[in-house]
>>> print(open('model_17.pdb').read())   # PDB, N, CA and C atoms
ATOM      1  N   MET A   1     -17.879   3.151 -10.972
ATOM      2  CA  MET A   1     -16.824   3.977 -11.518
ATOM      3  C   MET A   1     -15.476   3.332 -11.208
ATOM      4  N   SER A   2     -14.567   3.457 -12.099
ATOM      5  CA  SER A   2     -13.245   2.866 -11.949
ATOM      6  C   SER A   2     -12.458   3.579 -10.851
ATOM      7  N   ALA A   3     -11.552   2.849 -10.232
ATOM      8  CA  ALA A   3     -10.740   3.427  -9.159
ATOM      9  C   ALA A   3      -9.762   4.470  -9.692
ATOM     10  N   LEU A   4      -9.513   4.459 -10.989
ATOM     11  CA  LEU A   4      -8.586   5.433 -11.555
ATOM     12  C   LEU A   4      -9.213   6.815 -11.695
ATOM     13  N   PHE A   5     -10.540   6.875 -11.804
ATOM     14  CA  PHE A   5     -11.218   8.139 -12.032
ATOM     15  C   PHE A   5     -11.788   8.758 -10.766
ATOM     16  N   ASN A   6     -11.852   7.999  -9.711
ATOM     17  CA  ASN A   6     -12.362   8.485  -8.437
ATOM     18  C   ASN A   6     -11.168   8.607  -7.482
ATOM     19  N   PHE A   7     -10.898   9.822  -7.012
ATOM     20  CA  PHE A   7      -9.693  10.062  -6.206
ATOM     21  C   PHE A   7      -9.715   9.272  -4.892
ATOM     22  N   GLN A   8     -10.861   9.188  -4.248
ATOM     23  CA  GLN A   8     -10.955   8.454  -2.985
ATOM     24  C   GLN A   8     -10.695   6.965  -3.211
ATOM     25  N   SER A   9     -11.208   6.422  -4.294
ATOM     26  CA  SER A   9     -10.967   5.012  -4.593
ATOM     27  C   SER A   9      -9.508   4.764  -4.951
ATOM     28  N   LEU A  10      -8.903   5.712  -5.647
ATOM     29  CA  LEU A  10      -7.481   5.590  -5.969
ATOM     30  C   LEU A  10      -6.633   5.582  -4.698
ATOM     31  N   LEU A  11      -6.942   6.463  -3.760
ATOM     32  CA  LEU A  11      -6.228   6.467  -2.476
ATOM     33  C   LEU A  11      -6.436   5.164  -1.723
ATOM     34  N   LEU A  12      -7.637   4.633  -1.772
ATOM     35  CA  LEU A  12      -7.928   3.363  -1.099
ATOM     36  C   LEU A  12      -7.108   2.231  -1.708
ATOM     37  N   VAL A  13      -7.024   2.182  -3.020
ATOM     38  CA  VAL A  13      -6.236   1.142  -3.692
ATOM     39  C   VAL A  13      -4.764   1.267  -3.329
ATOM     40  N   ILE A  14      -4.250   2.493  -3.287
ATOM     41  CA  ILE A  14      -2.843   2.704  -2.935
ATOM     42  C   ILE A  14      -2.578   2.290  -1.486
ATOM     43  N   LEU A  15      -3.467   2.659  -0.575
ATOM     44  CA  LEU A  15      -3.300   2.263   0.830
ATOM     45  C   LEU A  15      -3.358   0.749   0.999
ATOM     46  N   LEU A  16      -4.281   0.109   0.313
ATOM     47  CA  LEU A  16      -4.369  -1.348   0.409
ATOM     48  C   LEU A  16      -3.139  -2.030  -0.177
ATOM     49  N   MET A  17      -2.598  -1.466  -1.255
ATOM     50  CA  MET A  17      -1.382  -2.035  -1.840
ATOM     51  C   MET A  17      -0.207  -1.889  -0.878
ATOM     52  N   ILE A  18      -0.079  -0.730  -0.241
ATOM     53  CA  ILE A  18       1.005  -0.516   0.718
ATOM     54  C   ILE A  18       0.882  -1.483   1.884
ATOM     55  N   CYS A  19      -0.317  -1.609   2.436
ATOM     56  CA  CYS A  19      -0.517  -2.504   3.588
ATOM     57  C   CYS A  19      -0.295  -3.964   3.213
ATOM     58  N   THR A  20      -0.777  -4.367   2.049
ATOM     59  CA  THR A  20      -0.610  -5.757   1.613
ATOM     60  C   THR A  20       0.853  -6.086   1.353
ATOM     61  N   CYS A  21       1.564  -5.202   0.677
ATOM     62  CA  CYS A  21       2.984  -5.450   0.390
ATOM     63  C   CYS A  21       3.809  -5.496   1.668
ATOM     64  N   THR A  22       3.474  -4.647   2.627
ATOM     65  CA  THR A  22       4.193  -4.654   3.900
ATOM     66  C   THR A  22       3.954  -5.960   4.643
ATOM     67  N   TYR A  23       2.709  -6.444   4.626
ATOM     68  CA  TYR A  23       2.393  -7.707   5.294
ATOM     69  C   TYR A  23       3.092  -8.882   4.609
ATOM     70  N   VAL A  24       3.049  -8.904   3.288
ATOM     71  CA  VAL A  24       3.693 -10.004   2.555
ATOM     72  C   VAL A  24       5.193  -9.994   2.797
ATOM     73  N   ARG A  25       5.793  -8.813   2.855
ATOM     74  CA  ARG A  25       7.239  -8.745   3.118
ATOM     75  C   ARG A  25       7.562  -9.209   4.533
ATOM     76  N   ALA A  26       6.671  -8.972   5.490
ATOM     77  CA  ALA A  26       6.916  -9.435   6.855
ATOM     78  C   ALA A  26       6.793 -10.954   6.954
ATOM     79  N   VAL A  27       5.882 -11.534   6.185
ATOM     80  CA  VAL A  27       5.656 -12.977   6.249
ATOM     81  C   VAL A  27       6.650 -13.740   5.373
ATOM     82  N   ALA A  28       6.837 -13.269   4.142
ATOM     83  CA  ALA A  28       7.721 -13.948   3.197
ATOM     84  C   ALA A  28       8.580 -12.909   2.480
ATOM     85  N   PRO A  29       9.671 -12.496   3.084
ATOM     86  CA  PRO A  29      10.479 -11.405   2.517
ATOM     87  C   PRO A  29      11.075 -11.709   1.145
ATOM     88  N   ARG A  30      11.323 -12.978   0.844
ATOM     89  CA  ARG A  30      11.954 -13.304  -0.439
ATOM     90  C   ARG A  30      11.041 -12.995  -1.622
ATOM     91  N   LEU A  31       9.732 -13.029  -1.412
ATOM     92  CA  LEU A  31       8.804 -12.731  -2.506
ATOM     93  C   LEU A  31       8.915 -11.286  -2.973
ATOM     94  N   VAL A  32       9.108 -10.382  -2.043
ATOM     95  CA  VAL A  32       9.127  -8.963  -2.370
ATOM     96  C   VAL A  32      10.543  -8.487  -2.663
ATOM     97  N   ASP A  33      11.524  -9.015  -1.957
ATOM     98  CA  ASP A  33      12.900  -8.512  -2.073
ATOM     99  C   ASP A  33      13.591  -8.884  -3.373
ATOM    100  N   ARG A  34      13.146  -9.915  -4.051
ATOM    101  CA  ARG A  34      13.865 -10.324  -5.255
ATOM    102  C   ARG A  34      13.562  -9.433  -6.460
ATOM    103  N   ASN A  35      12.495  -8.652  -6.386
ATOM    104  CA  ASN A  35      12.133  -7.762  -7.492
ATOM    105  C   ASN A  35      12.248  -6.319  -7.033
ATOM    106  N   LYS A  36      13.434  -5.744  -7.177
ATOM    107  CA  LYS A  36      13.654  -4.371  -6.729
ATOM    108  C   LYS A  36      13.619  -3.368  -7.868
ATOM    109  N   ALA A  37      13.574  -3.840  -9.098
ATOM    110  CA  ALA A  37      13.561  -2.941 -10.256
ATOM    111  C   ALA A  37      12.419  -3.332 -11.188
ATOM    112  N   GLY A  38      12.037  -2.409 -12.036
ATOM    113  CA  GLY A  38      10.989  -2.682 -13.005
ATOM    114  C   GLY A  38       9.602  -2.502 -12.420
ATOM    115  N   PHE A  39       8.622  -3.072 -13.104
ATOM    116  CA  PHE A  39       7.231  -2.933 -12.668
ATOM    117  C   PHE A  39       6.998  -3.588 -11.310
ATOM    118  N   LEU A  40       7.584  -4.751 -11.090
ATOM    119  CA  LEU A  40       7.403  -5.438  -9.809
ATOM    120  C   LEU A  40       8.134  -4.736  -8.677
ATOM    121  N   GLY A  41       9.009  -3.798  -9.009
ATOM    122  CA  GLY A  41       9.676  -2.995  -7.992
ATOM    123  C   GLY A  41       8.719  -2.085  -7.257
ATOM    124  N   LEU A  42       7.549  -1.827  -7.846
ATOM    125  CA  LEU A  42       6.527  -1.031  -7.146
ATOM    126  C   LEU A  42       6.091  -1.701  -5.855
ATOM    127  N   PHE A  43       6.045  -3.033  -5.871
ATOM    128  CA  PHE A  43       5.655  -3.761  -4.662
ATOM    129  C   PHE A  43       6.736  -3.651  -3.591
ATOM    130  N   PHE A  44       7.996  -3.693  -4.020
ATOM    131  CA  PHE A  44       9.102  -3.520  -3.074
ATOM    132  C   PHE A  44       9.073  -2.114  -2.468
ATOM    133  N   MET A  45       8.848  -1.102  -3.327
ATOM    134  CA  MET A  45       8.789   0.276  -2.831
ATOM    135  C   MET A  45       7.581   0.493  -1.921
ATOM    136  N   SER A  46       6.473  -0.140  -2.233
ATOM    137  CA  SER A  46       5.293  -0.033  -1.378
ATOM    138  C   SER A  46       5.545  -0.661  -0.007
ATOM    139  N   ALA A  47       6.250  -1.785   0.003
ATOM    140  CA  ALA A  47       6.588  -2.419   1.279
ATOM    141  C   ALA A  47       7.521  -1.537   2.098
ATOM    142  N   ARG A  48       8.470  -0.879   1.436
ATOM    143  CA  ARG A  48       9.374   0.044   2.136
ATOM    144  C   ARG A  48       8.621   1.220   2.733
ATOM    145  N   ILE A  49       7.687   1.773   1.954
ATOM    146  CA  ILE A  49       6.878   2.887   2.466
ATOM    147  C   ILE A  49       6.087   2.434   3.683
ATOM    148  N   GLY A  50       5.506   1.252   3.616
ATOM    149  CA  GLY A  50       4.730   0.733   4.733
ATOM    150  C   GLY A  50       5.569   0.488   5.978
ATOM    151  N   GLU A  51       6.816   0.074   5.785
ATOM    152  CA  GLU A  51       7.688  -0.169   6.937
ATOM    153  C   GLU A  51       8.178   1.134   7.562
ATOM    154  N   ARG A  52       8.612   2.039   6.736
ATOM    155  CA  ARG A  52       9.237   3.264   7.255
ATOM    156  C   ARG A  52       8.224   4.287   7.738
ATOM    157  N   LEU A  53       7.079   4.350   7.116
ATOM    158  CA  LEU A  53       6.064   5.342   7.479
ATOM    159  C   LEU A  53       4.839   4.679   8.097
ATOM    160  N   SER A  54       5.037   3.606   8.842
ATOM    161  CA  SER A  54       3.905   2.831   9.352
ATOM    162  C   SER A  54       2.932   3.633  10.219
ATOM    163  N   PRO A  55       3.363   4.565  11.080
ATOM    164  CA  PRO A  55       2.365   5.328  11.844
ATOM    165  C   PRO A  55       1.480   6.191  10.942
ATOM    166  N   TYR A  56       2.083   6.776   9.916
ATOM    167  CA  TYR A  56       1.313   7.616   9.000
ATOM    168  C   TYR A  56       0.387   6.783   8.120
ATOM    169  N   VAL A  57       0.850   5.616   7.716
ATOM    170  CA  VAL A  57       0.009   4.728   6.918
ATOM    171  C   VAL A  57      -1.162   4.240   7.763
ATOM    172  N   ALA A  58      -0.913   3.934   9.027
ATOM    173  CA  ALA A  58      -1.991   3.500   9.912
ATOM    174  C   ALA A  58      -3.009   4.612  10.116
ATOM    175  N   LEU A  59      -2.540   5.838  10.295
ATOM    176  CA  LEU A  59      -3.471   6.962  10.432
ATOM    177  C   LEU A  59      -4.263   7.186   9.148
ATOM    178  N   ALA A  60      -3.621   7.019   8.022
ATOM    179  CA  ALA A  60      -4.326   7.166   6.747
ATOM    180  C   ALA A  60      -5.383   6.074   6.574
ATOM    181  N   CYS A  61      -5.077   4.854   7.013
ATOM    182  CA  CYS A  61      -6.063   3.767   6.940
ATOM    183  C   CYS A  61      -7.253   4.043   7.852
ATOM    184  N   ILE A  62      -6.981   4.548   9.044
ATOM    185  CA  ILE A  62      -8.063   4.887   9.964
ATOM    186  C   ILE A  62      -8.915   6.015   9.405
ATOM    187  N   ALA A  63      -8.266   7.030   8.845
ATOM    188  CA  ALA A  63      -9.004   8.148   8.254
ATOM    189  C   ALA A  63      -9.858   7.665   7.073
ATOM    190  N   MET A  64      -9.312   6.769   6.272
ATOM    191  CA  MET A  64     -10.077   6.256   5.141
ATOM    192  C   MET A  64     -11.255   5.412   5.629
ATOM    193  N   ALA A  65     -11.057   4.650   6.685
ATOM    194  CA  ALA A  65     -12.154   3.853   7.240
ATOM    195  C   ALA A  65     -13.263   4.757   7.773
ATOM    196  N   VAL A  66     -12.887   5.824   8.441
ATOM    197  CA  VAL A  66     -13.894   6.751   8.972
ATOM    198  C   VAL A  66     -14.677   7.409   7.834
ATOM    199  N   THR A  67     -13.978   7.819   6.794
ATOM    200  CA  THR A  67     -14.683   8.449   5.666
ATOM    201  C   THR A  67     -15.599   7.464   4.954
ATOM    202  N   MET A  68     -15.197   6.182   4.903
ATOM    203  CA  MET A  68     -16.050   5.182   4.276
ATOM    204  C   MET A  68     -17.291   4.919   5.125
ATOM    205  N   ILE A  69     -17.138   4.947   6.447
ATOM    206  CA  ILE A  69     -18.279   4.722   7.345
ATOM    207  C   ILE A  69     -19.241   5.899   7.298
ATOM    208  N   VAL A  70     -18.695   7.104   7.255
ATOM    209  CA  VAL A  70     -19.526   8.312   7.266
ATOM    210  C   VAL A  70     -20.335   8.434   5.975
ATOM    211  N   GLN A  71     -19.751   8.019   4.872
ATOM    212  CA  GLN A  71     -20.472   8.115   3.600
ATOM    213  C   GLN A  71     -21.575   7.168   3.614
TER     214      GLN A  71
END
>>> encode(input="model_17.pdb", output="structure tokens")
Amino acid sequence: MSALFNFQSLLLVILLMICTCTYVRAVAPRLVDRNKAGFLGLFFMSARIGERLSPYVALACIAMAVTMIVQ
């Protein structure tokens, strides 16, 4: 089933995008910072969410890992 139709898979994709964008911005900030508007601005916004809400994102990743293990 596609990740768009399964809510848990959609959340997993969003969490992975947030974590990946945050990591890429920490390693190579110019890649993410140059695109602040448009479609590629989603990556910039995801990196911002990951930086500012990192404890909550980490808890969400742990919760998602536990649910994946339990299933």
>>> resolve_selection(input="model_17.pdb", expression="the PyMOL selection byres (((chain A and resi 46 and name CA) around 8) and name CA)", output="list of chain:residue names")
A:Met17, A:Ile18, A:Cys21, A:Thr22, A:Leu42, A:Phe43, A:Phe44, A:Met45, A:Ala47, A:Arg48, A:Ile49, A:Gly50
>>> atom_distance(input="model_17.pdb", atom1="atom CA of Gln71 of chain A", atom2="atom C of Phe7 of chain A")
13.8 Å
>>> closest_residue(input="model_17.pdb", among="A:Phe39, A:Val70, A:Ser54, A:Ala63", to="Cys19 of chain A", atoms="only C-alpha atoms")
A:Ser54
>>> atom_distance(input="model_17.pdb", atom1="atom N of Ala65 of chain A", atom2="atom C of Gly41 of chain A")
25.1 Å
>>> select_by_dssp(input="model_17.pdb", residues="chain A", states="alpha helix (DSSP H)", output="mmCIF file with N, CA and C atoms, keeping the file's coordinate frame")
data_model
loop_
_atom_site.group_PDB
_atom_site.id
_atom_site.type_symbol
_atom_site.label_atom_id
_atom_site.label_comp_id
_atom_site.auth_asym_id
_atom_site.auth_seq_id
_atom_site.Cartn_x
_atom_site.Cartn_y
_atom_site.Cartn_z
ATOM 1 N N PHE A 7 -10.898 9.822 -7.012
ATOM 2 C CA PHE A 7 -9.693 10.062 -6.206
ATOM 3 C C PHE A 7 -9.715 9.272 -4.892
ATOM 4 N N GLN A 8 -10.861 9.188 -4.248
ATOM 5 C CA GLN A 8 -10.955 8.454 -2.985
ATOM 6 C C GLN A 8 -10.695 6.965 -3.211
ATOM 7 N N SER A 9 -11.208 6.422 -4.294
ATOM 8 C CA SER A 9 -10.967 5.012 -4.593
ATOM 9 C C SER A 9 -9.508 4.764 -4.951
ATOM 10 N N LEU A 10 -8.903 5.712 -5.647
ATOM 11 C CA LEU A 10 -7.481 5.590 -5.969
ATOM 12 C C LEU A 10 -6.633 5.582 -4.698
ATOM 13 N N LEU A 11 -6.942 6.463 -3.760
ATOM 14 C CA LEU A 11 -6.228 6.467 -2.476
ATOM 15 C C LEU A 11 -6.436 5.164 -1.723
ATOM 16 N N LEU A 12 -7.637 4.633 -1.772
ATOM 17 C CA LEU A 12 -7.928 3.363 -1.099
ATOM 18 C C LEU A 12 -7.108 2.231 -1.708
ATOM 19 N N VAL A 13 -7.024 2.182 -3.020
ATOM 20 C CA VAL A 13 -6.236 1.142 -3.692
ATOM 21 C C VAL A 13 -4.764 1.267 -3.329
ATOM 22 N N ILE A 14 -4.250 2.493 -3.287
ATOM 23 C CA ILE A 14 -2.843 2.704 -2.935
ATOM 24 C C ILE A 14 -2.578 2.290 -1.486
ATOM 25 N N LEU A 15 -3.467 2.659 -0.575
ATOM 26 C CA LEU A 15 -3.300 2.263 0.830
ATOM 27 C C LEU A 15 -3.358 0.749 0.999
ATOM 28 N N LEU A 16 -4.281 0.109 0.313
ATOM 29 C CA LEU A 16 -4.369 -1.348 0.409
ATOM 30 C C LEU A 16 -3.139 -2.030 -0.177
ATOM 31 N N MET A 17 -2.598 -1.466 -1.255
ATOM 32 C CA MET A 17 -1.382 -2.035 -1.840
ATOM 33 C C MET A 17 -0.207 -1.889 -0.878
ATOM 34 N N ILE A 18 -0.079 -0.730 -0.241
ATOM 35 C CA ILE A 18 1.005 -0.516 0.718
ATOM 36 C C ILE A 18 0.882 -1.483 1.884
ATOM 37 N N CYS A 19 -0.317 -1.609 2.436
ATOM 38 C CA CYS A 19 -0.517 -2.504 3.588
ATOM 39 C C CYS A 19 -0.295 -3.964 3.213
ATOM 40 N N THR A 20 -0.777 -4.367 2.049
ATOM 41 C CA THR A 20 -0.610 -5.757 1.613
ATOM 42 C C THR A 20 0.853 -6.086 1.353
ATOM 43 N N CYS A 21 1.564 -5.202 0.677
ATOM 44 C CA CYS A 21 2.984 -5.450 0.390
ATOM 45 C C CYS A 21 3.809 -5.496 1.668
ATOM 46 N N THR A 22 3.474 -4.647 2.627
ATOM 47 C CA THR A 22 4.193 -4.654 3.900
ATOM 48 C C THR A 22 3.954 -5.960 4.643
ATOM 49 N N TYR A 23 2.709 -6.444 4.626
ATOM 50 C CA TYR A 23 2.393 -7.707 5.294
ATOM 51 C C TYR A 23 3.092 -8.882 4.609
ATOM 52 N N VAL A 24 3.049 -8.904 3.288
ATOM 53 C CA VAL A 24 3.693 -10.004 2.555
ATOM 54 C C VAL A 24 5.193 -9.994 2.797
ATOM 55 N N ARG A 25 5.793 -8.813 2.855
ATOM 56 C CA ARG A 25 7.239 -8.745 3.118
ATOM 57 C C ARG A 25 7.562 -9.209 4.533
ATOM 58 N N ALA A 26 6.671 -8.972 5.490
ATOM 59 C CA ALA A 26 6.916 -9.435 6.855
ATOM 60 C C ALA A 26 6.793 -10.954 6.954
ATOM 61 N N VAL A 27 5.882 -11.534 6.185
ATOM 62 C CA VAL A 27 5.656 -12.977 6.249
ATOM 63 C C VAL A 27 6.650 -13.740 5.373
ATOM 64 N N PRO A 29 9.671 -12.496 3.084
ATOM 65 C CA PRO A 29 10.479 -11.405 2.517
ATOM 66 C C PRO A 29 11.075 -11.709 1.145
ATOM 67 N N ARG A 30 11.323 -12.978 0.844
ATOM 68 C CA ARG A 30 11.954 -13.304 -0.439
ATOM 69 C C ARG A 30 11.041 -12.995 -1.622
ATOM 70 N N LEU A 31 9.732 -13.029 -1.412
ATOM 71 C CA LEU A 31 8.804 -12.731 -2.506
ATOM 72 C C LEU A 31 8.915 -11.286 -2.973
ATOM 73 N N VAL A 32 9.108 -10.382 -2.043
ATOM 74 C CA VAL A 32 9.127 -8.963 -2.370
ATOM 75 C C VAL A 32 10.543 -8.487 -2.663
ATOM 76 N N ASP A 33 11.524 -9.015 -1.957
ATOM 77 C CA ASP A 33 12.900 -8.512 -2.073
ATOM 78 C C ASP A 33 13.591 -8.884 -3.373
ATOM 79 N N GLY A 41 9.009 -3.798 -9.009
ATOM 80 C CA GLY A 41 9.676 -2.995 -7.992
ATOM 81 C C GLY A 41 8.719 -2.085 -7.257
ATOM 82 N N LEU A 42 7.549 -1.827 -7.846
ATOM 83 C CA LEU A 42 6.527 -1.031 -7.146
ATOM 84 C C LEU A 42 6.091 -1.701 -5.855
ATOM 85 N N PHE A 43 6.045 -3.033 -5.871
ATOM 86 C CA PHE A 43 5.655 -3.761 -4.662
ATOM 87 C C PHE A 43 6.736 -3.651 -3.591
ATOM 88 N N PHE A 44 7.996 -3.693 -4.020
ATOM 89 C CA PHE A 44 9.102 -3.520 -3.074
ATOM 90 C C PHE A 44 9.073 -2.114 -2.468
ATOM 91 N N MET A 45 8.848 -1.102 -3.327
ATOM 92 C CA MET A 45 8.789 0.276 -2.831
ATOM 93 C C MET A 45 7.581 0.493 -1.921
ATOM 94 N N SER A 46 6.473 -0.140 -2.233
ATOM 95 C CA SER A 46 5.293 -0.033 -1.378
ATOM 96 C C SER A 46 5.545 -0.661 -0.007
ATOM 97 N N ALA A 47 6.250 -1.785 0.003
ATOM 98 C CA ALA A 47 6.588 -2.419 1.279
ATOM 99 C C ALA A 47 7.521 -1.537 2.098
ATOM 100 N N ARG A 48 8.470 -0.879 1.436
ATOM 101 C CA ARG A 48 9.374 0.044 2.136
ATOM 102 C C ARG A 48 8.621 1.220 2.733
ATOM 103 N N ILE A 49 7.687 1.773 1.954
ATOM 104 C CA ILE A 49 6.878 2.887 2.466
ATOM 105 C C ILE A 49 6.087 2.434 3.683
ATOM 106 N N GLY A 50 5.506 1.252 3.616
ATOM 107 C CA GLY A 50 4.730 0.733 4.733
ATOM 108 C C GLY A 50 5.569 0.488 5.978
ATOM 109 N N GLU A 51 6.816 0.074 5.785
ATOM 110 C CA GLU A 51 7.688 -0.169 6.937
ATOM 111 C C GLU A 51 8.178 1.134 7.562
ATOM 112 N N ARG A 52 8.612 2.039 6.736
ATOM 113 C CA ARG A 52 9.237 3.264 7.255
ATOM 114 C C ARG A 52 8.224 4.287 7.738
ATOM 115 N N SER A 54 5.037 3.606 8.842
ATOM 116 C CA SER A 54 3.905 2.831 9.352
ATOM 117 C C SER A 54 2.932 3.633 10.219
ATOM 118 N N PRO A 55 3.363 4.565 11.080
ATOM 119 C CA PRO A 55 2.365 5.328 11.844
ATOM 120 C C PRO A 55 1.480 6.191 10.942
ATOM 121 N N TYR A 56 2.083 6.776 9.916
ATOM 122 C CA TYR A 56 1.313 7.616 9.000
ATOM 123 C C TYR A 56 0.387 6.783 8.120
ATOM 124 N N VAL A 57 0.850 5.616 7.716
ATOM 125 C CA VAL A 57 0.009 4.728 6.918
ATOM 126 C C VAL A 57 -1.162 4.240 7.763
ATOM 127 N N ALA A 58 -0.913 3.934 9.027
ATOM 128 C CA ALA A 58 -1.991 3.500 9.912
ATOM 129 C C ALA A 58 -3.009 4.612 10.116
ATOM 130 N N LEU A 59 -2.540 5.838 10.295
ATOM 131 C CA LEU A 59 -3.471 6.962 10.432
ATOM 132 C C LEU A 59 -4.263 7.186 9.148
ATOM 133 N N ALA A 60 -3.621 7.019 8.022
ATOM 134 C CA ALA A 60 -4.326 7.166 6.747
ATOM 135 C C ALA A 60 -5.383 6.074 6.574
ATOM 136 N N CYS A 61 -5.077 4.854 7.013
ATOM 137 C CA CYS A 61 -6.063 3.767 6.940
ATOM 138 C C CYS A 61 -7.253 4.043 7.852
ATOM 139 N N ILE A 62 -6.981 4.548 9.044
ATOM 140 C CA ILE A 62 -8.063 4.887 9.964
ATOM 141 C C ILE A 62 -8.915 6.015 9.405
ATOM 142 N N ALA A 63 -8.266 7.030 8.845
ATOM 143 C CA ALA A 63 -9.004 8.148 8.254
ATOM 144 C C ALA A 63 -9.858 7.665 7.073
ATOM 145 N N MET A 64 -9.312 6.769 6.272
ATOM 146 C CA MET A 64 -10.077 6.256 5.141
ATOM 147 C C MET A 64 -11.255 5.412 5.629
ATOM 148 N N ALA A 65 -11.057 4.650 6.685
ATOM 149 C CA ALA A 65 -12.154 3.853 7.240
ATOM 150 C C ALA A 65 -13.263 4.757 7.773
ATOM 151 N N VAL A 66 -12.887 5.824 8.441
ATOM 152 C CA VAL A 66 -13.894 6.751 8.972
ATOM 153 C C VAL A 66 -14.677 7.409 7.834
ATOM 154 N N THR A 67 -13.978 7.819 6.794
ATOM 155 C CA THR A 67 -14.683 8.449 5.666
ATOM 156 C C THR A 67 -15.599 7.464 4.954
ATOM 157 N N MET A 68 -15.197 6.182 4.903
ATOM 158 C CA MET A 68 -16.050 5.182 4.276
ATOM 159 C C MET A 68 -17.291 4.919 5.125
ATOM 160 N N ILE A 69 -17.138 4.947 6.447
ATOM 161 C CA ILE A 69 -18.279 4.722 7.345
ATOM 162 C C ILE A 69 -19.241 5.899 7.298
ATOM 163 N N VAL A 70 -18.695 7.104 7.255
ATOM 164 C CA VAL A 70 -19.526 8.312 7.266
ATOM 165 C C VAL A 70 -20.335 8.434 5.975
#
>>> closest_residue(input="model_17.pdb", among="A:Leu40, A:Ile69, A:Val27, A:Leu15", to="Leu53 of chain A", atoms="only C-alpha atoms")
A:Leu15
>>> atom_distance(input="model_17.pdb", atom1="atom C of Pro55 of chain A", atom2="atom C of Met68 of chain A")
19.7 Å
>>> closest_residue(input="model_17.pdb", among="A:Cys61, A:Val66, A:Val32, A:Ala37", to="Leu11 of chain A", atoms="only C-alpha atoms")
A:Cys61
>>> build_atoms(input="model_17.pdb", residues="segment 8-13 of chain A", atoms="all heavy atoms", output="CSV table (one decimal), in the frame of the given file")
chain,number,residue,atom,x,y,z
A,8,GLN,N,-10.9,9.2,-4.2
A,8,GLN,CA,-11.0,8.5,-3.0
A,8,GLN,C,-10.7,7.0,-3.2
A,8,GLN,O,-10.0,6.3,-2.4
A,8,GLN,CB,-12.3,8.7,-2.3
A,8,GLN,CG,-12.4,8.0,-1.0
A,8,GLN,CD,-13.8,8.3,-0.3
A,8,GLN,OE1,-14.6,8.9,-0.9
A,8,GLN,NE2,-13.9,7.8,0.9
A,9,SER,N,-11.2,6.4,-4.3
A,9,SER,CA,-11.0,5.0,-4.6
A,9,SER,C,-9.5,4.8,-5.0
A,9,SER,O,-8.9,3.7,-4.6
A,9,SER,CB,-11.9,4.6,-5.7
A,9,SER,OG,-13.2,4.7,-5.4
A,10,LEU,N,-8.9,5.7,-5.6
A,10,LEU,CA,-7.5,5.6,-6.0
A,10,LEU,C,-6.6,5.6,-4.7
A,10,LEU,O,-5.7,4.8,-4.6
A,10,LEU,CB,-7.0,6.7,-6.9
A,10,LEU,CG,-5.6,6.7,-7.3
A,10,LEU,CD1,-5.3,5.5,-8.2
A,10,LEU,CD2,-5.3,8.0,-8.0
A,11,LEU,N,-6.9,6.5,-3.8
A,11,LEU,CA,-6.2,6.5,-2.5
A,11,LEU,C,-6.4,5.2,-1.7
A,11,LEU,O,-5.5,4.6,-1.1
A,11,LEU,CB,-6.7,7.6,-1.6
A,11,LEU,CG,-6.2,9.0,-2.0
A,11,LEU,CD1,-6.8,10.1,-1.1
A,11,LEU,CD2,-4.7,9.1,-2.0
A,12,LEU,N,-7.6,4.6,-1.8
A,12,LEU,CA,-7.9,3.4,-1.1
A,12,LEU,C,-7.1,2.2,-1.7
A,12,LEU,O,-6.5,1.4,-1.0
A,12,LEU,CB,-9.4,3.1,-1.2
A,12,LEU,CG,-9.9,1.8,-0.5
A,12,LEU,CD1,-9.7,1.9,1.0
A,12,LEU,CD2,-11.3,1.5,-0.8
A,13,VAL,N,-7.0,2.2,-3.0
A,13,VAL,CA,-6.2,1.1,-3.7
A,13,VAL,C,-4.8,1.3,-3.3
A,13,VAL,O,-4.1,0.3,-3.0
A,13,VAL,CB,-6.4,1.2,-5.2
A,13,VAL,CG1,-5.4,0.4,-6.0
A,13,VAL,CG2,-7.9,0.8,-5.6
